[in-house]
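Trainee: Handing you a structure now.
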There are 2 protein chains.
Amino acid sequence: MVNDSPRLSAQDWTRAALKAIADGGLAAVGVEPLARTLGVTKGSFYAHFRNRDELITAALADWWRNHGEAGLAEYAAIADPGQRLRELLTAVVRSVQPLAPSVHLSLLGDRNDPRVKEAVSRVNQARLNFLTSTYRELGLPPDQAANRARVAYAAILGLQHLAQTESDSPSPEALADAAAAIFLPS
Amino acid sequence: MVNDSPRLSAQDWTRAALKAIADGGLAAVGVEPLARTLGVTKGSFYAHFRNRDELITAALADWWRNHGEAGLAEYAAIADPGQRLRELLTAVVRSVQPLAPSVHLSLLGDRNDPRVKEAVSRVNQARLNFLTSTYRELGLPPDQAANRARVAYAAILGLQHLAQTESDSPSPEALADAAAAIFLPS
DNA sequence: GCCCCTCAGTACGGCAGCGTATGGATACGG
DNA sequence: CCGTATCCATACGCTGCCGTACTGAGGGGC
């Protein structure tokens, strides 16, 4: 997967752009800065993209493609909805600890950009739909399922917020238990 | 409260800076752009601040001062913890609808800046403490109260997140009911 | 082996924003 | 009415970044 040849592809640029977004937002996506980190000059960039805007659009498209339904496939394979939900929660709570820079959170600062809005909206929608149908499988009526999914997903997002802005991380097991107790229907 | 005199104060600049942060992040805080929106030139700015950094620091300090414990005073006055929690939830769910730009969310995009980290951390800590003690008053043991407060606050943050990136707003009453059912201890 | 296409280097123009210098205007206390 | 401090305008240099033009080097199909 690693491109050891000195030649770069367009994907190398979109990947670098996403990394830049993850820890600096759209403002951190600059042609010349990226070229420096990639070890080339911007002459290379303009062989792959027409301008900076095109790179941003490509990077965002890449992102929501991998974080929409694609990223949910693993869990969609779990037949039992209760277990599916439990594994989702624990996975989220566990993955939340490290200060792994998150594209999703960084994009909040640029949520006025229509392309960003579109991308974030797609990802959120896919996840909300997934959670909603899971709750429906658990027997909740449609509207209740939708609301519960919404609050549950909101909690997931919020936990990531908190994890990114705090140094002390509370015990993950206890938190997972608390989350499970709250979001698994009685 | 409105300063109709043509002369500006330092507070006018910090307020403008916060507004800029709310819908563009730190990157949107520029001396010359702000001067344009305020109808003056940057000559005015450098009469109040030594540089752009000082403005940002002042604006952030202003923000967490008003959104930390100060903003919670209104609810701290409610004696009954159950009612306090309910009013908090409904107020949050209600205030979430409009696309009122949120400083808090925008700051997440710049969470790598140490000053931003500090400010956001202070506000979150104050709110978490408040929620935790409320849950304790409701009879939960300390560790459970802390975890429950954490998840509840996370849900609040996440709901704001969702409200900002979606066009369709689900019925606020239903959502408030769902949230209350979830976060008010049985 | 030759050509062509892709990737990369160099150089230039342009623009926006930061910071400084300086002087003018306005308010206010004495 | 005068002096001083505060607020504001103008002009300038500087830096970082975008975008374009042109050139060069290397590899694969024929």
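FYI, nothing fancy with the structure tokens labels: chains A, B, ... in order, residues from 1 per chain, ligands from 1 as they appear.
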Within 9 Å of Leu128 (chain A), counting only C-alpha atoms (C1' of nucleotides), which residues show up once you throw out same-chain ones fewer than 3 positions away? Write them as a PDB file with N, CA and C atoms, in the first residue's frame, please.

Mentor:
ATOM      1  N   VAL A 123     -22.339  11.537   5.797  1.00  0.00           N
ATOM      2  CA  VAL A 123     -21.851  10.577   6.787  1.00  0.00           C
ATOM      3  C   VAL A 123     -22.822  10.457   7.945  1.00  0.00           C
ATOM      4  N   ASN A 124     -23.268  11.579   8.453  1.00  0.00           N
ATOM      5  CA  ASN A 124     -24.197  11.541   9.576  1.00  0.00           C
ATOM      6  C   ASN A 124     -25.478  10.802   9.197  1.00  0.00           C
ATOM      7  N   GLN A 125     -25.961  11.074   8.001  1.00  0.00           N
ATOM      8  CA  GLN A 125     -27.216  10.458   7.575  1.00  0.00           C
ATOM      9  C   GLN A 125     -27.098   8.948   7.506  1.00  0.00           C
ATOM     10  N   LEU A 131     -28.406   3.310  12.703  1.00  0.00           N
ATOM     11  CA  LEU A 131     -28.828   3.187  14.098  1.00  0.00           C
ATOM     12  C   LEU A 131     -30.343   3.097  14.206  1.00  0.00           C
ATOM     13  N   THR A 132     -31.017   3.894  13.401  1.00  0.00           N
ATOM     14  CA  THR A 132     -32.481   3.882  13.460  1.00  0.00           C
ATOM     15  C   THR A 132     -33.034   2.502  13.121  1.00  0.00           C
ATOM     16  N   SER A 133     -32.525   1.913  12.061  1.00  0.00           N
ATOM     17  CA  SER A 133     -33.060   0.604  11.676  1.00  0.00           C
ATOM     18  C   SER A 133     -32.702  -0.449  12.719  1.00  0.00           C
ATOM     19  N   ALA A 146     -36.207   6.571  15.713  1.00  0.00           N
ATOM     20  CA  ALA A 146     -35.452   7.668  15.111  1.00  0.00           C
ATOM     21  C   ALA A 146     -34.902   8.610  16.179  1.00  0.00           C
ATOM     22  N   ALA A 149     -32.126   6.899  18.188  1.00  0.00           N
ATOM     23  CA  ALA A 149     -30.910   6.803  17.375  1.00  0.00           C
ATOM     24  C   ALA A 149     -30.217   8.154  17.335  1.00  0.00           C
ATOM     25  N   ARG A 150     -31.015   9.174  17.224  1.00  0.00           N
ATOM     26  CA  ARG A 150     -30.456  10.514  17.134  1.00  0.00           C
ATOM     27  C   ARG A 150     -29.702  10.874  18.414  1.00  0.00           C
ATOM     28  N   TYR A 153     -26.530   8.659  18.710  1.00  0.00           N
ATOM     29  CA  TYR A 153     -25.447   9.098  17.827  1.00  0.00           C
ATOM     30  C   TYR A 153     -24.865  10.419  18.303  1.00  0.00           C
TER      31      TYR A 153
END

Trainee: Applying 9 Å and only C-alpha atoms (C1' of nucleotides), which residues near Pro101 (chain A) remain after dropping the ones on its own chain fewer than 6 positions away? List them as a PyMOL selection string.

Mentor: chain A and resi 19+22-23+164

Trainee: Go through chain D residue by residue and, counting only C-alpha atoms (C1' of nucleotides), keep those with an atom at most 12 Å from chain B; for each kept residue give the shortest atom pair and its distance in Å to one decimal, ordered by chain and increasing number, as JSON lines.

Mentor:
{"residue": "D:DA5", "atom": "C1'", "partner": "B:Ala47", "partner_atom": "CA", "distance": 11.4}
{"residue": "D:DT6", "atom": "C1'", "partner": "B:Ala47", "partner_atom": "CA", "distance": 8.1}
{"residue": "D:DC7", "atom": "C1'", "partner": "B:Ser44", "partner_atom": "CA", "distance": 6.3}
{"residue": "D:DC8", "atom": "C1'", "partner": "B:Ser44", "partner_atom": "CA", "distance": 5.1}
{"residue": "D:DA9", "atom": "C1'", "partner": "B:Gly43", "partner_atom": "CA", "distance": 6.8}
{"residue": "D:DT10", "atom": "C1'", "partner": "B:Gly43", "partner_atom": "CA", "distance": 8.9}
{"residue": "D:DA11", "atom": "C1'", "partner": "B:Gly43", "partner_atom": "CA", "distance": 11.3}

Trainee: Please, which residues in chain B fall within 8 Å of chain A when counting only C-alpha atoms, and what is the closest atom pair and distance in Å to one decimal for each, ordered by chain then residue number, as CSV?

Mentor:
residue,atom,partner,partner_atom,distance
B:Asp23,CA,A:Asn112,CA,6.9
B:Gly24,CA,A:Asp110,CA,6.1
B:Gly25,CA,A:Gly109,CA,5.3
B:Ala27,CA,A:Ala27,CA,7.1
B:Leu105,CA,A:Leu108,CA,6.2
B:Ser106,CA,A:Gly109,CA,4.2
B:Leu107,CA,A:Gly109,CA,6.5
B:Leu108,CA,A:Leu105,CA,6.2
B:Gly109,CA,A:Ser106,CA,4.0
B:Asp110,CA,A:Gly24,CA,6.4
B:Arg111,CA,A:Thr165,CA,7.0
B:Asn112,CA,A:Asp23,CA,6.9
B:Lys117,CA,A:Thr165,CA,5.9
B:Val120,CA,A:Thr165,CA,6.9
B:Ser121,CA,A:Thr165,CA,5.9
B:Asn124,CA,A:Leu162,CA,7.8
B:Gln144,CA,A:Ala178,CA,7.4
B:Asn147,CA,A:Leu175,CA,5.9
B:Arg148,CA,A:Ala178,CA,6.5
B:Arg150,CA,A:Leu159,CA,7.8
B:Val151,CA,A:Ala155,CA,6.1
B:Ala152,CA,A:Ala155,CA,7.0
B:Tyr153,CA,A:Gly158,CA,7.3
B:Ala154,CA,A:Gly158,CA,3.8
B:Ala155,CA,A:Ala155,CA,3.6
B:Ile156,CA,A:Ala154,CA,7.1
B:Leu157,CA,A:Gly158,CA,5.1
B:Gly158,CA,A:Ala154,CA,3.8
B:Leu159,CA,A:Ala154,CA,5.1
B:His161,CA,A:Ala154,CA,7.6
B:Leu162,CA,A:Ala154,CA,7.2
B:Gln164,CA,A:Arg111,CA,7.9
B:Thr165,CA,A:Ser121,CA,5.9
B:Glu166,CA,A:Ser121,CA,6.3
B:Ala174,CA,A:Asn147,CA,7.5
B:Leu175,CA,A:Asn147,CA,5.9
B:Ala178,CA,A:Asn147,CA,6.3
B:Ala179,CA,A:Val151,CA,6.8
B:Ile182,CA,A:Ile182,CA,6.6
B:Phe183,CA,A:Ile182,CA,7.7

Trainee: Please produce a file of those selected residues containing N, CA and C atoms, as a CSV table (one decimal), in the first residue's frame.

Mentor:
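Written out: again.csv:
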chain,number,residue,atom,x,y,z
B,23,ASP,N,-18.5,31.6,13.1
B,23,ASP,CA,-18.9,31.1,11.8
B,23,ASP,C,-17.7,31.0,10.8
B,24,GLY,N,-16.5,30.7,11.4
B,24,GLY,CA,-15.4,30.5,10.5
B,24,GLY,C,-14.1,30.0,11.2
B,25,GLY,N,-14.2,29.9,12.5
B,25,GLY,CA,-13.1,29.4,13.3
B,25,GLY,C,-12.0,30.5,13.5
B,27,ALA,N,-9.4,30.9,11.9
B,27,ALA,CA,-8.9,31.4,10.7
B,27,ALA,C,-9.7,32.7,10.2
B,105,LEU,N,-18.7,24.9,18.8
B,105,LEU,CA,-18.4,24.0,17.7
B,105,LEU,C,-17.3,24.4,16.8
B,106,SER,N,-17.3,25.7,16.5
B,106,SER,CA,-16.2,26.2,15.6
B,106,SER,C,-14.8,25.9,16.2
B,107,LEU,N,-14.8,26.1,17.5
B,107,LEU,CA,-13.5,25.9,18.2
B,107,LEU,C,-13.0,24.5,18.1
B,108,LEU,N,-13.9,23.5,17.9
B,108,LEU,CA,-13.4,22.2,17.8
B,108,LEU,C,-12.5,22.0,16.6
B,109,GLY,N,-12.8,22.8,15.6
B,109,GLY,CA,-11.9,22.8,14.4
B,109,GLY,C,-10.5,23.2,14.7
B,110,ASP,N,-10.3,24.0,15.7
B,110,ASP,CA,-9.0,24.6,16.0
B,110,ASP,C,-8.5,24.0,17.3
B,111,ARG,N,-8.9,22.8,17.7
B,111,ARG,CA,-8.6,22.3,19.0
B,111,ARG,C,-7.1,22.0,19.2
B,112,ASN,N,-6.3,22.1,18.2
B,112,ASN,CA,-4.9,21.9,18.4
B,112,ASN,C,-4.2,23.2,19.0
B,117,LYS,N,-7.7,24.8,23.4
B,117,LYS,CA,-7.9,23.6,24.2
B,117,LYS,C,-8.2,24.0,25.6
B,120,VAL,N,-11.9,25.6,25.9
B,120,VAL,CA,-12.9,24.6,25.7
B,120,VAL,C,-12.9,23.6,26.9
B,121,SER,N,-11.7,23.3,27.4
B,121,SER,CA,-11.6,22.4,28.5
B,121,SER,C,-12.3,23.0,29.8
B,124,ASN,N,-16.1,22.9,29.4
B,124,ASN,CA,-16.6,21.5,29.5
B,124,ASN,C,-16.6,21.1,31.0
B,144,GLN,N,-21.0,6.5,39.1
B,144,GLN,CA,-22.1,6.4,38.2
B,144,GLN,C,-22.6,7.8,37.8
B,147,ASN,N,-20.2,9.2,35.2
B,147,ASN,CA,-20.3,8.7,33.8
B,147,ASN,C,-21.6,9.1,33.2
B,148,ARG,N,-22.7,9.1,33.9
B,148,ARG,CA,-24.0,9.5,33.4
B,148,ARG,C,-23.9,10.9,32.9
B,150,ARG,N,-21.4,12.5,32.0
B,150,ARG,CA,-20.5,12.6,30.8
B,150,ARG,C,-21.3,12.2,29.5
B,151,VAL,N,-22.0,11.2,29.6
B,151,VAL,CA,-22.8,10.7,28.4
B,151,VAL,C,-23.9,11.7,28.1
B,152,ALA,N,-24.5,12.3,29.2
B,152,ALA,CA,-25.6,13.2,28.9
B,152,ALA,C,-25.0,14.5,28.3
B,153,TYR,N,-23.9,15.0,28.8
B,153,TYR,CA,-23.3,16.2,28.2
B,153,TYR,C,-22.8,15.9,26.8
B,154,ALA,N,-22.3,14.7,26.6
B,154,ALA,CA,-21.9,14.4,25.2
B,154,ALA,C,-23.1,14.4,24.3
B,155,ALA,N,-24.2,13.9,24.7
B,155,ALA,CA,-25.4,13.9,23.9
B,155,ALA,C,-25.8,15.3,23.5
B,156,ILE,N,-25.7,16.2,24.5
B,156,ILE,CA,-26.0,17.6,24.3
B,156,ILE,C,-25.1,18.2,23.2
B,157,LEU,N,-23.8,18.0,23.3
B,157,LEU,CA,-22.9,18.5,22.3
B,157,LEU,C,-23.2,17.9,21.0
B,158,GLY,N,-23.5,16.6,20.9
B,158,GLY,CA,-23.7,16.0,19.7
B,158,GLY,C,-25.0,16.5,19.0
B,159,LEU,N,-26.0,16.8,19.8
B,159,LEU,CA,-27.2,17.3,19.2
B,159,LEU,C,-27.0,18.6,18.6
B,161,HIS,N,-24.2,19.5,17.3
B,161,HIS,CA,-23.4,19.2,16.1
B,161,HIS,C,-24.4,18.8,15.0
B,162,LEU,N,-25.3,17.9,15.3
B,162,LEU,CA,-26.2,17.5,14.3
B,162,LEU,C,-27.1,18.6,13.8
B,164,GLN,N,-26.4,21.6,13.4
B,164,GLN,CA,-25.7,22.5,12.6
B,164,GLN,C,-25.4,22.0,11.2
B,165,THR,N,-25.4,20.7,11.1
B,165,THR,CA,-25.1,20.1,9.8
B,165,THR,C,-26.2,19.5,9.1
B,166,GLU,N,-27.4,19.7,9.6
B,166,GLU,CA,-28.6,19.2,8.9
B,166,GLU,C,-29.6,20.3,8.6
B,174,ALA,N,-40.7,16.1,20.6
B,174,ALA,CA,-40.5,14.6,20.6
B,174,ALA,C,-39.1,14.4,21.0
B,175,LEU,N,-38.1,15.2,20.5
B,175,LEU,CA,-36.7,15.0,20.9
B,175,LEU,C,-36.5,15.2,22.3
B,178,ALA,N,-37.7,12.3,24.3
B,178,ALA,CA,-36.8,11.2,24.1
B,178,ALA,C,-35.6,11.4,25.0
B,179,ALA,N,-35.1,12.6,25.0
B,179,ALA,CA,-33.9,12.9,25.8
B,179,ALA,C,-34.2,12.8,27.3
B,182,ILE,N,-34.4,9.3,28.4
B,182,ILE,CA,-33.1,8.6,28.4
B,182,ILE,C,-32.3,9.1,29.6
B,183,PHE,N,-32.3,10.4,29.9
B,183,PHE,CA,-31.3,10.9,30.8
B,183,PHE,C,-31.9,11.2,32.2

Trainee: As a PDB file with C-alpha atoms, in the first residue's frame, please: all residues of region 18-155 of chain A that backbone DSSP puts in alpha helix (DSSP H).

Mentor:
ATOM      1  CA  LEU A  18      -7.149  14.601   4.664  1.00  0.00           C
ATOM      2  CA  LYS A  19      -4.352  14.365   7.169  1.00  0.00           C
ATOM      3  CA  ALA A  20      -3.955  18.117   7.012  1.00  0.00           C
ATOM      4  CA  ILE A  21      -7.689  18.597   7.471  1.00  0.00           C
ATOM      5  CA  ALA A  22      -7.662  16.281  10.470  1.00  0.00           C
ATOM      6  CA  VAL A  31      -0.643  23.478  -2.041  1.00  0.00           C
ATOM      7  CA  GLU A  32       2.821  24.563  -1.089  1.00  0.00           C
ATOM      8  CA  PRO A  33       2.733  23.337   2.519  1.00  0.00           C
ATOM      9  CA  LEU A  34       1.487  19.924   1.384  1.00  0.00           C
ATOM     10  CA  ALA A  35       4.156  19.810  -1.279  1.00  0.00           C
ATOM     11  CA  ARG A  36       6.757  20.433   1.392  1.00  0.00           C
ATOM     12  CA  THR A  37       5.538  17.592   3.586  1.00  0.00           C
ATOM     13  CA  LEU A  38       5.429  15.318   0.570  1.00  0.00           C
ATOM     14  CA  LYS A  42       3.995  22.317  -6.204  1.00  0.00           C
ATOM     15  CA  GLY A  43       4.888  21.711  -9.816  1.00  0.00           C
ATOM     16  CA  SER A  44       3.803  18.150  -9.099  1.00  0.00           C
ATOM     17  CA  PHE A  45       0.477  19.186  -7.679  1.00  0.00           C
ATOM     18  CA  TYR A  46      -0.725  21.032 -10.732  1.00  0.00           C
ATOM     19  CA  ALA A  47      -0.049  17.918 -12.806  1.00  0.00           C
ATOM     20  CA  HIS A  48      -2.753  16.127 -10.795  1.00  0.00           C
ATOM     21  CA  ARG A  52      -6.650  23.823  -4.683  1.00  0.00           C
ATOM     22  CA  ASP A  53     -10.421  23.635  -4.762  1.00  0.00           C
ATOM     23  CA  GLU A  54     -10.371  20.468  -6.785  1.00  0.00           C
ATOM     24  CA  LEU A  55      -8.113  18.829  -4.232  1.00  0.00           C
ATOM     25  CA  ILE A  56     -10.425  19.737  -1.387  1.00  0.00           C
ATOM     26  CA  THR A  57     -13.453  18.415  -3.205  1.00  0.00           C
ATOM     27  CA  ALA A  58     -11.667  15.169  -4.013  1.00  0.00           C
ATOM     28  CA  ALA A  59     -10.468  14.735  -0.448  1.00  0.00           C
ATOM     29  CA  LEU A  60     -13.938  15.286   0.983  1.00  0.00           C
ATOM     30  CA  ALA A  61     -15.476  12.860  -1.490  1.00  0.00           C
ATOM     31  CA  ASP A  62     -12.879  10.286  -0.517  1.00  0.00           C
ATOM     32  CA  TRP A  63     -13.729  10.828   3.097  1.00  0.00           C
ATOM     33  CA  TRP A  64     -17.464  10.457   3.067  1.00  0.00           C
ATOM     34  CA  ARG A  65     -17.172   7.475   0.745  1.00  0.00           C
ATOM     35  CA  ASN A  66     -15.094   5.655   3.349  1.00  0.00           C
ATOM     36  CA  HIS A  67     -16.988   6.839   6.388  1.00  0.00           C
ATOM     37  CA  GLU A  69     -22.111   3.123   4.579  1.00  0.00           C
ATOM     38  CA  ALA A  70     -18.735   1.610   3.743  1.00  0.00           C
ATOM     39  CA  GLY A  71     -17.474   2.008   7.289  1.00  0.00           C
ATOM     40  CA  LEU A  72     -20.636   0.447   8.672  1.00  0.00           C
ATOM     41  CA  ALA A  73     -20.476  -2.771   6.690  1.00  0.00           C
ATOM     42  CA  GLU A  74     -18.558  -4.548   9.429  1.00  0.00           C
ATOM     43  CA  TYR A  75     -21.345  -4.010  11.911  1.00  0.00           C
ATOM     44  CA  ALA A  76     -24.145  -4.499   9.452  1.00  0.00           C
ATOM     45  CA  PRO A  81     -29.485  -6.120  16.718  1.00  0.00           C
ATOM     46  CA  GLY A  82     -28.812  -6.037  20.444  1.00  0.00           C
ATOM     47  CA  GLN A  83     -25.315  -7.371  20.087  1.00  0.00           C
ATOM     48  CA  ARG A  84     -24.742  -5.128  17.081  1.00  0.00           C
ATOM     49  CA  LEU A  85     -25.597  -2.103  19.140  1.00  0.00           C
ATOM     50  CA  ARG A  86     -23.481  -3.212  22.065  1.00  0.00           C
ATOM     51  CA  GLU A  87     -20.440  -3.818  19.888  1.00  0.00           C
ATOM     52  CA  LEU A  88     -20.901  -0.478  18.202  1.00  0.00           C
ATOM     53  CA  LEU A  89     -20.981   1.329  21.514  1.00  0.00           C
ATOM     54  CA  THR A  90     -17.974  -0.413  22.994  1.00  0.00           C
ATOM     55  CA  ALA A  91     -16.005   0.029  19.793  1.00  0.00           C
ATOM     56  CA  VAL A  92     -16.762   3.713  19.762  1.00  0.00           C
ATOM     57  CA  VAL A  93     -15.973   4.259  23.406  1.00  0.00           C
ATOM     58  CA  ARG A  94     -12.735   2.377  23.008  1.00  0.00           C
ATOM     59  CA  SER A  95     -11.631   4.132  19.829  1.00  0.00           C
ATOM     60  CA  VAL A 103     -11.440  14.702  10.243  1.00  0.00           C
ATOM     61  CA  HIS A 104     -15.023  14.792  11.368  1.00  0.00           C
ATOM     62  CA  LEU A 105     -14.347  17.154  14.245  1.00  0.00           C
ATOM     63  CA  SER A 106     -12.011  19.372  12.296  1.00  0.00           C
ATOM     64  CA  LEU A 107     -14.649  19.839   9.658  1.00  0.00           C
ATOM     65  CA  LEU A 108     -16.925  21.456  12.219  1.00  0.00           C
ATOM     66  CA  PRO A 114     -21.183  23.916   1.275  1.00  0.00           C
ATOM     67  CA  ARG A 115     -18.935  21.037   0.269  1.00  0.00           C
ATOM     68  CA  VAL A 116     -18.115  20.335   3.902  1.00  0.00           C
ATOM     69  CA  LYS A 117     -21.768  20.531   4.840  1.00  0.00           C
ATOM     70  CA  GLU A 118     -22.585  18.039   2.139  1.00  0.00           C
ATOM     71  CA  ALA A 119     -19.904  15.573   3.168  1.00  0.00           C
ATOM     72  CA  VAL A 120     -20.651  15.703   6.880  1.00  0.00           C
ATOM     73  CA  SER A 121     -24.352  15.455   6.198  1.00  0.00           C
ATOM     74  CA  ARG A 122     -23.898  12.316   4.130  1.00  0.00           C
ATOM     75  CA  VAL A 123     -21.851  10.577   6.787  1.00  0.00           C
ATOM     76  CA  ASN A 124     -24.197  11.541   9.576  1.00  0.00           C
ATOM     77  CA  GLN A 125     -27.216  10.458   7.575  1.00  0.00           C
ATOM     78  CA  ALA A 126     -25.792   7.039   6.829  1.00  0.00           C
ATOM     79  CA  ARG A 127     -24.983   6.445  10.474  1.00  0.00           C
ATOM     80  CA  LEU A 128     -28.315   7.721  11.695  1.00  0.00           C
ATOM     81  CA  ASN A 129     -30.154   5.485   9.281  1.00  0.00           C
ATOM     82  CA  PHE A 130     -28.131   2.537  10.460  1.00  0.00           C
ATOM     83  CA  LEU A 131     -28.828   3.187  14.098  1.00  0.00           C
ATOM     84  CA  THR A 132     -32.481   3.882  13.460  1.00  0.00           C
ATOM     85  CA  SER A 133     -33.060   0.604  11.676  1.00  0.00           C
ATOM     86  CA  THR A 134     -31.190  -1.209  14.416  1.00  0.00           C
ATOM     87  CA  TYR A 135     -33.503   0.246  17.016  1.00  0.00           C
ATOM     88  CA  ARG A 136     -36.463  -0.710  14.885  1.00  0.00           C
ATOM     89  CA  GLU A 137     -35.243  -4.273  14.763  1.00  0.00           C
ATOM     90  CA  PRO A 142     -40.428   4.155  13.962  1.00  0.00           C
ATOM     91  CA  ASP A 143     -40.537   7.630  15.472  1.00  0.00           C
ATOM     92  CA  GLN A 144     -39.176   6.514  18.833  1.00  0.00           C
ATOM     93  CA  ALA A 145     -36.444   4.584  17.066  1.00  0.00           C
ATOM     94  CA  ALA A 146     -35.452   7.668  15.111  1.00  0.00           C
ATOM     95  CA  ASN A 147     -35.288   9.860  18.181  1.00  0.00           C
ATOM     96  CA  ARG A 148     -33.383   7.335  20.193  1.00  0.00           C
ATOM     97  CA  ALA A 149     -30.910   6.803  17.375  1.00  0.00           C
ATOM     98  CA  ARG A 150     -30.456  10.514  17.134  1.00  0.00           C
ATOM     99  CA  VAL A 151     -29.681  10.936  20.797  1.00  0.00           C
ATOM    100  CA  ALA A 152     -27.419   7.894  20.817  1.00  0.00           C
ATOM    101  CA  TYR A 153     -25.447   9.098  17.827  1.00  0.00           C
ATOM    102  CA  ALA A 154     -25.252  12.538  19.348  1.00  0.00           C
ATOM    103  CA  ALA A 155     -23.759  11.014  22.470  1.00  0.00           C
TER     104      ALA A 155
END

Trainee: Taking only C-alpha atoms (C1' of nucleotides) into account, what are the residues of chain C at most 7 Å from chain A, put as a list in words?

Mentor: DC7, DA8 and DG9 of chain C

Trainee: Separation of C1' of DG27 (chain D) and CA of Ala10 (chain A), in Å?

Mentor: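 Rounded to one decimal, the two atoms are 18.1 Å apart.
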
Trainee: Identify which of the residues B:Leu140, B:Val29, B:Ala180, B:Ala16 lies closest to DG17 (chain C), counting only C-alpha atoms (C1' of nucleotides) when measuring atom-to-atom distances.

Mentor: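 Ranking B:Leu140, B:Val29, B:Ala180, B:Ala16 by distance to DG17 (chain C), first place goes to B:Val29.
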
Trainee: In Å to one decimal, how far is CA of Arg50 (chain B) from CA of Gly68 (chain B)?

Mentor: 26.9 Å

Trainee: Figure out the distance between CA of Asn51 (chain A) and C1' of DT15 (chain D), please, to one decimal in Å.

Mentor: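 Separation of C1' of DT15 (chain D) and CA of Asn51 (chain A): 21.9 Å.
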